[in-house]
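Participant: What follows is query_3.cif, made up of mmCIF, C-alpha atoms:
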```
data_target
#
loop_
_atom_site.label_atom_id
_atom_site.label_comp_id
_atom_site.auth_asym_id
_atom_site.auth_seq_id
_atom_site.Cartn_x
_atom_site.Cartn_y
_atom_site.Cartn_z
CA VAL W 1 62.21 -38.82 17.58
CA PRO W 2 65.34 -37.05 18.87
CA ARG W 3 67.14 -37.89 15.63
CA LEU W 4 64.27 -36.50 13.54
CA LEU W 5 64.22 -33.34 15.66
CA ALA W 6 67.98 -32.93 15.25
CA ALA W 7 67.63 -33.35 11.48
CA GLY W 8 64.87 -30.72 11.32
CA LEU W 9 62.29 -33.24 10.10
CA LEU W 10 60.12 -32.66 13.17
CA HIS W 11 59.34 -29.53 15.20
CA LYS W 12 59.09 -29.63 19.01
CA LEU W 13 55.99 -27.92 20.38
CA ASP W 14 56.41 -28.92 24.04
CA ASP W 15 57.91 -31.72 26.13
CA GLU W 16 55.28 -34.21 24.92
CA THR W 17 54.34 -32.96 21.45
CA VAL W 18 56.09 -32.76 18.09
CA MET W 19 54.77 -31.52 14.74
CA LEU W 20 55.54 -32.53 11.17
CA PRO W 21 56.66 -29.41 9.21
CA ARG W 22 54.40 -28.54 6.27
CA GLN W 23 57.17 -28.85 3.68
CA VAL W 24 58.17 -32.30 4.96
CA GLY W 25 54.58 -33.47 4.79
CA GLN W 26 54.29 -32.19 1.22
CA LEU W 27 57.42 -34.08 0.18
CA LEU W 28 56.14 -37.29 1.78
CA ARG W 29 52.91 -36.93 -0.22
CA GLY W 30 54.86 -36.39 -3.42
CA GLU W 31 53.82 -32.73 -3.68
CA GLN W 32 55.89 -29.70 -4.62
CA PRO W 33 56.89 -28.11 -1.28
CA ASP W 34 55.94 -24.51 -0.60
CA PRO W 35 58.80 -21.98 -0.78
CA VAL W 36 60.49 -21.05 2.47
CA THR W 37 61.24 -17.54 1.27
CA PHE W 38 59.73 -15.45 -1.48
CA SER W 39 61.50 -13.44 -4.14
CA ALA W 40 60.12 -11.53 -7.09
CA PRO W 41 60.53 -13.47 -10.37
CA THR W 42 62.60 -11.87 -13.06
CA THR W 43 61.61 -11.61 -16.70
CA GLU W 44 63.12 -14.41 -18.74
CA ALA W 45 65.37 -13.47 -21.63
CA SER W 46 63.23 -13.69 -24.72
CA THR W 47 62.91 -12.48 -28.25
CA ALA W 48 61.04 -9.38 -29.29
CA LEU W 49 58.80 -9.03 -32.31
CA PRO W 50 58.37 -5.89 -34.42
CA MET W 51 55.36 -3.90 -33.21
CA THR W 52 53.92 -3.94 -36.72
CA ASP W 53 53.70 -7.72 -36.49
CA VAL W 54 52.23 -7.55 -32.98
CA ASP W 55 49.58 -5.03 -34.03
CA ALA W 56 48.70 -7.08 -37.10
CA ALA W 57 48.31 -10.25 -35.01
CA GLY W 58 46.15 -8.41 -32.47
CA ALA W 59 43.92 -6.94 -35.16
CA GLY W 60 43.55 -10.35 -36.77
CA ALA W 61 42.58 -11.93 -33.45
CA ALA W 62 39.96 -9.22 -32.85
CA ILE W 63 38.46 -9.71 -36.31
CA ASP W 64 38.38 -13.49 -35.84
CA LEU W 65 36.55 -13.14 -32.52
CA MET W 66 33.94 -10.78 -33.96
CA HIS W 67 33.40 -13.13 -36.90
CA GLU W 68 32.95 -16.12 -34.57
CA VAL W 69 30.44 -14.19 -32.46
CA ASP W 70 28.48 -13.35 -35.63
CA VAL W 71 28.52 -17.03 -36.63
CA ILE W 72 27.23 -18.15 -33.21
CA LEU W 73 24.46 -15.53 -33.22
CA ARG W 74 23.38 -16.60 -36.69
CA THR W 75 23.53 -20.30 -35.79
CA LEU W 76 21.50 -19.88 -32.58
CA SER W 77 18.99 -17.74 -34.48
CA GLU W 78 18.45 -20.53 -37.00
CA THR W 79 18.72 -23.39 -34.49
CA PRO W 80 18.14 -22.45 -30.82
CA ILE W 81 19.70 -24.90 -28.37
CA SER W 82 17.81 -26.29 -25.36
CA GLU W 83 19.11 -25.57 -21.88
CA LEU W 84 19.87 -28.28 -19.34
CA ARG W 85 17.42 -28.68 -16.48
CA SER W 86 20.24 -27.76 -14.12
CA GLY W 87 21.18 -24.77 -16.29
CA GLY W 88 23.73 -24.17 -19.01
CA LEU W 89 24.56 -26.19 -22.10
CA GLY W 90 25.35 -29.87 -21.78
CA VAL W 91 28.17 -31.72 -23.49
CA ARG W 92 25.94 -32.98 -26.31
CA GLU W 93 24.49 -29.52 -26.93
CA MET W 94 27.99 -28.03 -27.06
CA LYS W 95 29.13 -30.63 -29.55
CA ARG W 96 26.04 -30.02 -31.66
CA LEU W 97 26.52 -26.26 -31.65
CA ALA W 98 30.22 -26.65 -32.46
CA LYS W 99 29.34 -28.85 -35.43
CA LEU W 100 26.66 -26.46 -36.69
CA SER W 101 28.82 -23.36 -36.36
CA GLY W 102 32.25 -24.76 -37.19
CA VAL W 103 33.69 -23.17 -34.02
CA LYS W 104 35.86 -25.47 -31.89
CA GLU W 105 34.35 -26.42 -28.53
CA ARG W 106 37.01 -24.81 -26.31
CA ARG W 107 36.73 -21.55 -28.24
CA LEU W 108 32.95 -21.87 -28.29
CA GLY W 109 32.72 -21.76 -24.50
CA LEU W 110 34.52 -18.40 -24.36
CA ILE W 111 32.30 -16.93 -27.10
CA LEU W 112 29.09 -18.09 -25.43
CA GLU W 113 30.09 -16.64 -22.07
CA ILE W 114 30.98 -13.28 -23.62
CA ALA W 115 27.81 -13.21 -25.73
CA TYR W 116 25.65 -13.96 -22.68
CA ALA W 117 27.36 -11.39 -20.46
CA ALA W 118 27.00 -8.79 -23.24
CA GLY W 119 23.26 -9.45 -23.48
CA LEU W 120 23.51 -10.89 -26.99
CA ILE W 121 22.01 -14.29 -26.09
CA ALA W 122 19.64 -15.44 -23.34
CA ASN W 123 17.59 -18.44 -22.30
CA GLY W 124 13.83 -18.34 -22.87
CA VAL W 125 11.20 -19.07 -25.51
CA PRO W 126 12.03 -17.54 -28.92
CA ASP W 127 9.39 -16.28 -31.31
CA PRO W 128 8.61 -18.35 -33.29
CA GLU W 129 9.00 -21.27 -30.90
CA PRO W 130 11.41 -23.96 -32.21
CA ASP W 131 9.97 -27.25 -33.44
CA THR W 132 12.67 -29.34 -31.75
CA GLY W 133 13.96 -29.52 -28.21
CA THR W 134 12.32 -28.45 -24.95
CA PRO W 135 12.13 -24.99 -23.36
CA PRO W 136 13.93 -22.93 -22.38
CA TRP W 137 16.17 -22.44 -25.39
CA TRP W 138 19.34 -20.38 -25.81
CA ALA W 139 18.87 -17.88 -28.63
CA PRO W 140 19.86 -14.32 -29.64
CA THR W 141 18.19 -11.34 -27.95
CA SER W 142 16.91 -8.09 -29.45
CA GLY W 143 20.21 -6.61 -28.29
CA ALA W 144 21.96 -8.88 -30.78
CA ASP W 145 20.27 -6.99 -33.62
CA ARG W 146 21.57 -3.65 -32.36
CA TYR W 147 25.02 -5.19 -31.90
CA THR W 148 25.06 -6.58 -35.45
CA ASP W 149 24.06 -3.20 -36.90
CA SER W 150 26.84 -1.38 -35.00
CA SER W 151 30.21 -0.38 -36.43
CA THR W 152 33.22 -2.66 -36.17
CA ALA W 153 34.79 -0.43 -33.52
CA ALA W 154 31.60 -0.39 -31.43
CA ARG W 155 31.23 -4.17 -31.62
CA TRP W 156 34.84 -4.70 -30.58
CA GLN W 157 34.38 -2.33 -27.64
CA VAL W 158 31.36 -4.35 -26.47
CA LEU W 159 33.21 -7.67 -26.68
CA ALA W 160 36.51 -6.47 -25.17
CA GLY W 161 34.78 -4.62 -22.33
CA THR W 162 32.56 -7.60 -21.57
CA TRP W 163 35.53 -9.98 -21.50
CA PHE W 164 37.44 -7.67 -19.17
CA ASP W 165 34.63 -7.63 -16.58
CA LEU W 166 33.38 -11.19 -17.16
CA PRO W 167 32.70 -12.80 -13.73
CA ALA W 168 33.32 -16.31 -15.03
CA ARG W 169 36.18 -18.62 -16.00
CA PRO W 170 35.34 -20.10 -19.44
CA SER W 171 38.61 -22.06 -19.45
CA LEU W 172 37.05 -24.44 -16.89
CA ILE W 173 34.43 -25.66 -19.37
CA GLY W 174 34.91 -29.39 -19.90
CA GLU W 175 37.01 -29.80 -16.76
CA ARG W 176 35.65 -31.61 -13.71
CA GLY W 177 34.96 -29.91 -10.41
CA PRO W 178 35.39 -31.20 -6.84
CA ASP W 179 32.13 -33.14 -7.22
CA ALA W 180 33.55 -34.91 -10.32
CA LYS W 181 30.89 -33.27 -12.49
CA PRO W 182 32.03 -31.39 -15.60
CA TYR W 183 31.78 -27.62 -15.78
CA VAL W 184 29.35 -26.64 -18.52
CA ALA W 185 29.00 -23.41 -20.47
CA LEU W 186 26.48 -20.75 -19.39
CA SER W 187 26.16 -22.23 -15.88
CA HIS W 188 26.60 -20.71 -12.43
CA SER W 189 29.43 -23.16 -11.72
CA LEU W 190 31.79 -20.95 -13.77
CA TYR W 191 31.12 -17.86 -11.62
CA SER W 192 34.20 -16.23 -10.13
CA SER W 193 34.35 -12.74 -8.67
CA ALA W 194 38.15 -12.92 -8.88
CA ALA W 195 38.25 -13.54 -12.64
CA PRO W 196 38.10 -9.83 -13.64
CA LEU W 197 40.86 -9.06 -11.11
CA ASP W 198 43.06 -11.76 -12.65
CA ARG W 199 42.54 -10.30 -16.13
CA ARG W 200 43.42 -6.83 -14.91
CA LEU W 201 46.58 -8.19 -13.26
CA LEU W 202 47.47 -10.08 -16.45
CA LEU W 203 47.21 -6.95 -18.57
CA GLU W 204 49.20 -4.94 -16.02
CA VAL W 205 52.00 -7.54 -16.05
CA LEU W 206 52.10 -7.59 -19.86
CA ASP W 207 52.03 -3.78 -19.98
CA GLU W 208 55.20 -3.64 -17.85
CA LEU W 209 57.15 -5.70 -20.38
CA PRO W 210 59.02 -4.00 -23.22
CA PRO W 211 56.91 -3.66 -26.40
CA GLY W 212 56.95 -6.79 -28.54
CA THR W 213 58.40 -9.01 -25.79
CA VAL W 214 57.60 -12.70 -26.21
CA VAL W 215 57.01 -14.63 -22.96
CA SER W 216 55.48 -18.01 -22.24
CA ALA W 217 52.14 -18.41 -20.47
CA ASP W 218 53.86 -20.28 -17.62
CA HIS W 219 56.26 -17.42 -17.02
CA VAL W 220 53.50 -14.80 -17.09
CA SER W 221 51.67 -16.91 -14.52
CA LYS W 222 54.71 -16.74 -12.22
CA LEU W 223 54.93 -12.97 -12.65
CA MET W 224 51.27 -12.66 -11.60
CA VAL W 225 51.73 -14.47 -8.26
#
```
What would the structure in this file look like if it were written as structure tokens?

Facilitator:
Amino acid sequence: VPRLLAAGLLHKLDDETVMLPRQVGQLLRGEQPDPVTFSAPTTEASTALPMTDVDAAGAGAAIDLMHEVDVILRTLSETPISELRSGGLGVREMKRLAKLSGVKERRLGLILEIAYAAGLIANGVPDPEPDTGTPPWWAPTSGADRYTDSSTAARWQVLAGTWFDLPARPSLIGERGPDAKPYVALSHSLYSSAAPLDRRLLLEVLDELPPGTVVSADHVSKLMV
């Protein structure tokens, strides 16, 4: 014990008690030790793209998202999907909807969460009632009709504003929680009051970078800490 104390691997609390420092315990468990001091990360040297290219890519991404939302609304209108007894859409239902719509599952989760938060889809009993599956079903709402009839700018405002304030983390869909059960789309398990704050922080960090700066997701994550 005296040798461990002298080496800084133990801390003395009193004449009869020693304590294992947190960082030492983390190393023994094979974990990355917490930092002893904190310093603000610096922006990594990176390339910069012309703003015309950045604007074109952003516009293309917005158009793609609106198109995918339209596809999901049309697909759910033609083929409503049954909800799980515990709420949300199960793995099989997600795979079925992805196959029907042609939207990849990981992207599908984000679109469903935005559409639900925007009031474009809901769970209930559509009219007419579907011939397959059991109630309740996920299907478009009357608000979806007003959304579809709106201008491109108005539809984008709805989707972008909804995403910004979305109290959920769609990226968790398909992952397993502490109870070893998978997170499913349109379920309460995705709820997070901190998610909108993280998005605001993300946009603030990106806004502080020079226009057109290219940075990796890992580095942006460090800048947000």

Participant: Can you pull out the residues contacting Leu120 of chain W? Cut-off 9 Å, using only C-alpha atoms, and skip same-chain residues under 6 positions away; I want them as JSON, numbers by chain.

Facilitator: {"W": [73, 114, 139, 140, 141, 142, 143, 144, 145, 147]}

Participant: If we count only C-alpha atoms, what is near segment 126-135 of chain W at a cut-off of 9 Å, once residues fewer than 5 positions away on the same chain are taken out, given as an MDAnalysis selection string?

Facilitator: chainID W and resid 77 79:83 140:141

Participant: Write the residues of the selection above to a file with C-alpha atoms, as a PDB file, in the frame of the given file.

Facilitator:
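Written out: result-v4.pdb:
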```
ATOM      1  CA  SER W  77      18.990 -17.740 -34.480  1.00  0.00           C
ATOM      2  CA  THR W  79      18.720 -23.390 -34.490  1.00  0.00           C
ATOM      3  CA  PRO W  80      18.140 -22.450 -30.820  1.00  0.00           C
ATOM      4  CA  ILE W  81      19.700 -24.900 -28.370  1.00  0.00           C
ATOM      5  CA  SER W  82      17.810 -26.290 -25.360  1.00  0.00           C
ATOM      6  CA  GLU W  83      19.110 -25.570 -21.880  1.00  0.00           C
ATOM      7  CA  PRO W 140      19.860 -14.320 -29.640  1.00  0.00           C
ATOM      8  CA  THR W 141      18.190 -11.340 -27.950  1.00  0.00           C
TER       9      THR W 141
END
```

Participant: So, with only C-alpha atoms as the atoms that count, which of W:Arg29, W:Arg96, W:His11, W:Arg106 lies closest to Ser171 of chain W?

Facilitator: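 With only C-alpha atoms as the atom set, the closest residue is W:Arg106.
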
Participant: Considering all atoms listed in the file, can you say which of W:Asn123, W:Ser86, W:Thr52, W:Thr75 comes closest to Ser187 of chain W?

Facilitator: W:Ser86

Participant: Just to confirm, what's the straight-line distance from atom CA of His188 of chain W to atom CA of Leu223 of chain W in Å (one decimal)?

Facilitator: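 Taking atom CA of His188 of chain W and atom CA of Leu223 of chain W, their separation equals 29.4 Å.
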
Participant: Find the spatial neighbours of Lys104 of chain W, counting all atoms listed in the file, within a cut-off of 12 Å - ignore same-chain residues fewer than 5 positions away - and output them as a list in words.

Facilitator: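 Result of the neighbour search: Glu68, Ile72, Met94, Lys95, Arg96, Leu97, Ala98, Lys99, Gly109, Leu110, Ile111 and Leu112 of chain W.
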
Participant: In Å, how far is it from atom CA of Trp156 of chain W to atom CA of Val54 of chain W?

Facilitator: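 These atoms are spaced 17.8 Å apart.
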
Participant: Which one is closest to Trp137 of chain W: W:Leu159, W:Leu201, W:Ala59, W:Leu76? Count all atoms listed in the file.

Facilitator: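 Checking each candidate against Trp137 of chain W, we get W:Leu76 as the closest.
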
Participant: With distances taken over all atoms listed in the file, which of W:Lys12, W:His67, W:Lys181, W:Arg22 is nearest to Arg155 of chain W?

Facilitator: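 Looking only at the distances to Arg155 of chain W, the closest residue turns out to be W:His67.
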
Participant: I would like the residues chosen by the PyMOL selection byres ((chain W and resi 158) around 12) on the shown file; could you give them as a PyMOL selection string?

Facilitator: chain W and resi 62+65-66+69+114-120+143-144+146-148+150-157+159-166

Participant: Out of W:Gly88, W:Pro211, W:Pro167, W:Pro178, which residue has the shortest atom-to-atom distance to Arg199 of chain W when counting only C-alpha atoms?

Facilitator: W:Pro167

Participant: Hey, can you check how far atom CA of Arg200 of chain W sits from atom CA of Gly212 of chain W?

Facilitator: 19.2 Å

Participant: Quick check on the file I pasted: which residues fall under the PyMOL selection byres ((chain W and resi 20) around 7)? Write them as a list in words.

Facilitator: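 Residues picked by the PyMOL selection byres ((chain W and resi 20) around 7): Leu9, Leu10, His11, Val18, Met19, Pro21, Arg22, Val24 and Gly25 of chain W.
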
Participant: Using the chain letters and numbers from this file, what does the PyMOL selection byres ((chain W and resi 191) around 10) select? Give the answer as JSON, numbers by chain.

Facilitator: {"W": [166, 167, 168, 169, 170, 186, 187, 188, 189, 190, 192, 193, 194, 195]}

Participant: What would segment 62-93 of chain W look like with N, CA and C atoms restored, written as a PDB file, in the frame of the given file?

Facilitator:
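Below is the file that was written, part_20.pdb:
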```
ATOM      1  N   ALA W  62      41.205  -9.943 -33.127  1.00  0.00           N
ATOM      2  CA  ALA W  62      39.960  -9.220 -32.850  1.00  0.00           C
ATOM      3  C   ALA W  62      38.930  -9.490 -33.943  1.00  0.00           C
ATOM      4  N   ILE W  63      39.371  -9.453 -35.186  1.00  0.00           N
ATOM      5  CA  ILE W  63      38.460  -9.710 -36.310  1.00  0.00           C
ATOM      6  C   ILE W  63      37.931 -11.131 -36.267  1.00  0.00           C
ATOM      7  N   ASP W  64      38.813 -12.090 -35.939  1.00  0.00           N
ATOM      8  CA  ASP W  64      38.380 -13.490 -35.840  1.00  0.00           C
ATOM      9  C   ASP W  64      37.316 -13.654 -34.766  1.00  0.00           C
ATOM     10  N   LEU W  65      37.518 -13.013 -33.609  1.00  0.00           N
ATOM     11  CA  LEU W  65      36.550 -13.140 -32.520  1.00  0.00           C
ATOM     12  C   LEU W  65      35.201 -12.562 -32.922  1.00  0.00           C
ATOM     13  N   MET W  66      35.205 -11.380 -33.542  1.00  0.00           N
ATOM     14  CA  MET W  66      33.940 -10.780 -33.960  1.00  0.00           C
ATOM     15  C   MET W  66      33.229 -11.645 -35.001  1.00  0.00           C
ATOM     16  N   HIS W  67      33.998 -12.237 -35.901  1.00  0.00           N
ATOM     17  CA  HIS W  67      33.400 -13.130 -36.900  1.00  0.00           C
ATOM     18  C   HIS W  67      32.772 -14.347 -36.239  1.00  0.00           C
ATOM     19  N   GLU W  68      33.474 -14.930 -35.249  1.00  0.00           N
ATOM     20  CA  GLU W  68      32.950 -16.120 -34.570  1.00  0.00           C
ATOM     21  C   GLU W  68      31.692 -15.781 -33.775  1.00  0.00           C
ATOM     22  N   VAL W  69      31.652 -14.611 -33.163  1.00  0.00           N
ATOM     23  CA  VAL W  69      30.440 -14.190 -32.460  1.00  0.00           C
ATOM     24  C   VAL W  69      29.282 -14.072 -33.443  1.00  0.00           C
ATOM     25  N   ASP W  70      29.526 -13.470 -34.606  1.00  0.00           N
ATOM     26  CA  ASP W  70      28.480 -13.350 -35.630  1.00  0.00           C
ATOM     27  C   ASP W  70      27.976 -14.729 -36.063  1.00  0.00           C
ATOM     28  N   VAL W  71      28.900 -15.673 -36.212  1.00  0.00           N
ATOM     29  CA  VAL W  71      28.520 -17.030 -36.630  1.00  0.00           C
ATOM     30  C   VAL W  71      27.655 -17.690 -35.566  1.00  0.00           C
ATOM     31  N   ILE W  72      28.006 -17.543 -34.298  1.00  0.00           N
ATOM     32  CA  ILE W  72      27.230 -18.150 -33.210  1.00  0.00           C
ATOM     33  C   ILE W  72      25.847 -17.519 -33.118  1.00  0.00           C
ATOM     34  N   LEU W  73      25.768 -16.202 -33.259  1.00  0.00           N
ATOM     35  CA  LEU W  73      24.460 -15.530 -33.220  1.00  0.00           C
ATOM     36  C   LEU W  73      23.579 -16.014 -34.360  1.00  0.00           C
ATOM     37  N   ARG W  74      24.147 -16.139 -35.535  1.00  0.00           N
ATOM     38  CA  ARG W  74      23.380 -16.600 -36.690  1.00  0.00           C
ATOM     39  C   ARG W  74      22.941 -18.056 -36.509  1.00  0.00           C
ATOM     40  N   THR W  75      23.847 -18.882 -35.985  1.00  0.00           N
ATOM     41  CA  THR W  75      23.530 -20.300 -35.790  1.00  0.00           C
ATOM     42  C   THR W  75      22.433 -20.481 -34.751  1.00  0.00           C
ATOM     43  N   LEU W  76      22.520 -19.759 -33.623  1.00  0.00           N
ATOM     44  CA  LEU W  76      21.500 -19.880 -32.580  1.00  0.00           C
ATOM     45  C   LEU W  76      20.171 -19.277 -33.031  1.00  0.00           C
ATOM     46  N   SER W  77      20.219 -18.307 -33.945  1.00  0.00           N
ATOM     47  CA  SER W  77      18.990 -17.740 -34.480  1.00  0.00           C
ATOM     48  C   SER W  77      18.257 -18.766 -35.355  1.00  0.00           C
ATOM     49  N   GLU W  78      19.030 -19.517 -36.120  1.00  0.00           N
ATOM     50  CA  GLU W  78      18.450 -20.530 -37.000  1.00  0.00           C
ATOM     51  C   GLU W  78      18.095 -21.802 -36.244  1.00  0.00           C
ATOM     52  N   THR W  79      18.931 -22.152 -35.240  1.00  0.00           N
ATOM     53  CA  THR W  79      18.720 -23.390 -34.490  1.00  0.00           C
ATOM     54  C   THR W  79      18.970 -23.143 -33.010  1.00  0.00           C
ATOM     55  N   PRO W  80      17.975 -22.629 -32.265  1.00  0.00           N
ATOM     56  CA  PRO W  80      18.140 -22.450 -30.820  1.00  0.00           C
ATOM     57  C   PRO W  80      18.461 -23.773 -30.135  1.00  0.00           C
ATOM     58  N   ILE W  81      19.270 -23.701 -29.075  1.00  0.00           N
ATOM     59  CA  ILE W  81      19.700 -24.900 -28.370  1.00  0.00           C
ATOM     60  C   ILE W  81      19.041 -24.966 -26.997  1.00  0.00           C
ATOM     61  N   SER W  82      18.484 -26.126 -26.645  1.00  0.00           N
ATOM     62  CA  SER W  82      17.810 -26.290 -25.360  1.00  0.00           C
ATOM     63  C   SER W  82      18.791 -26.214 -24.199  1.00  0.00           C
ATOM     64  N   GLU W  83      18.307 -25.665 -23.092  1.00  0.00           N
ATOM     65  CA  GLU W  83      19.110 -25.570 -21.880  1.00  0.00           C
ATOM     66  C   GLU W  83      18.941 -26.824 -21.035  1.00  0.00           C
ATOM     67  N   LEU W  84      19.975 -27.174 -20.282  1.00  0.00           N
ATOM     68  CA  LEU W  84      19.870 -28.280 -19.340  1.00  0.00           C
ATOM     69  C   LEU W  84      18.895 -27.936 -18.230  1.00  0.00           C
ATOM     70  N   ARG W  85      18.311 -28.934 -17.613  1.00  0.00           N
ATOM     71  CA  ARG W  85      17.420 -28.680 -16.480  1.00  0.00           C
ATOM     72  C   ARG W  85      18.160 -28.006 -15.337  1.00  0.00           C
ATOM     73  N   SER W  86      19.426 -28.345 -15.183  1.00  0.00           N
ATOM     74  CA  SER W  86      20.240 -27.760 -14.120  1.00  0.00           C
ATOM     75  C   SER W  86      20.866 -26.436 -14.536  1.00  0.00           C
ATOM     76  N   GLY W  87      20.628 -26.027 -15.788  1.00  0.00           N
ATOM     77  CA  GLY W  87      21.180 -24.770 -16.290  1.00  0.00           C
ATOM     78  C   GLY W  87      22.387 -24.986 -17.171  1.00  0.00           C
ATOM     79  N   GLY W  88      22.562 -24.093 -18.131  1.00  0.00           N
ATOM     80  CA  GLY W  88      23.730 -24.170 -19.010  1.00  0.00           C
ATOM     81  C   GLY W  88      23.506 -25.085 -20.202  1.00  0.00           C
ATOM     82  N   LEU W  89      24.590 -25.312 -20.931  1.00  0.00           N
ATOM     83  CA  LEU W  89      24.560 -26.190 -22.100  1.00  0.00           C
ATOM     84  C   LEU W  89      25.335 -27.462 -21.804  1.00  0.00           C
ATOM     85  N   GLY W  90      24.702 -28.592 -22.025  1.00  0.00           N
ATOM     86  CA  GLY W  90      25.350 -29.870 -21.780  1.00  0.00           C
ATOM     87  C   GLY W  90      26.399 -30.201 -22.824  1.00  0.00           C
ATOM     88  N   VAL W  91      27.097 -31.296 -22.592  1.00  0.00           N
ATOM     89  CA  VAL W  91      28.170 -31.720 -23.490  1.00  0.00           C
ATOM     90  C   VAL W  91      27.637 -31.986 -24.885  1.00  0.00           C
ATOM     91  N   ARG W  92      26.504 -32.673 -24.988  1.00  0.00           N
ATOM     92  CA  ARG W  92      25.940 -32.980 -26.310  1.00  0.00           C
ATOM     93  C   ARG W  92      25.513 -31.714 -27.043  1.00  0.00           C
ATOM     94  N   GLU W  93      24.917 -30.771 -26.309  1.00  0.00           N
ATOM     95  CA  GLU W  93      24.490 -29.520 -26.930  1.00  0.00           C
ATOM     96  C   GLU W  93      25.683 -28.714 -27.423  1.00  0.00           C
TER      97      GLU W  93
END
```
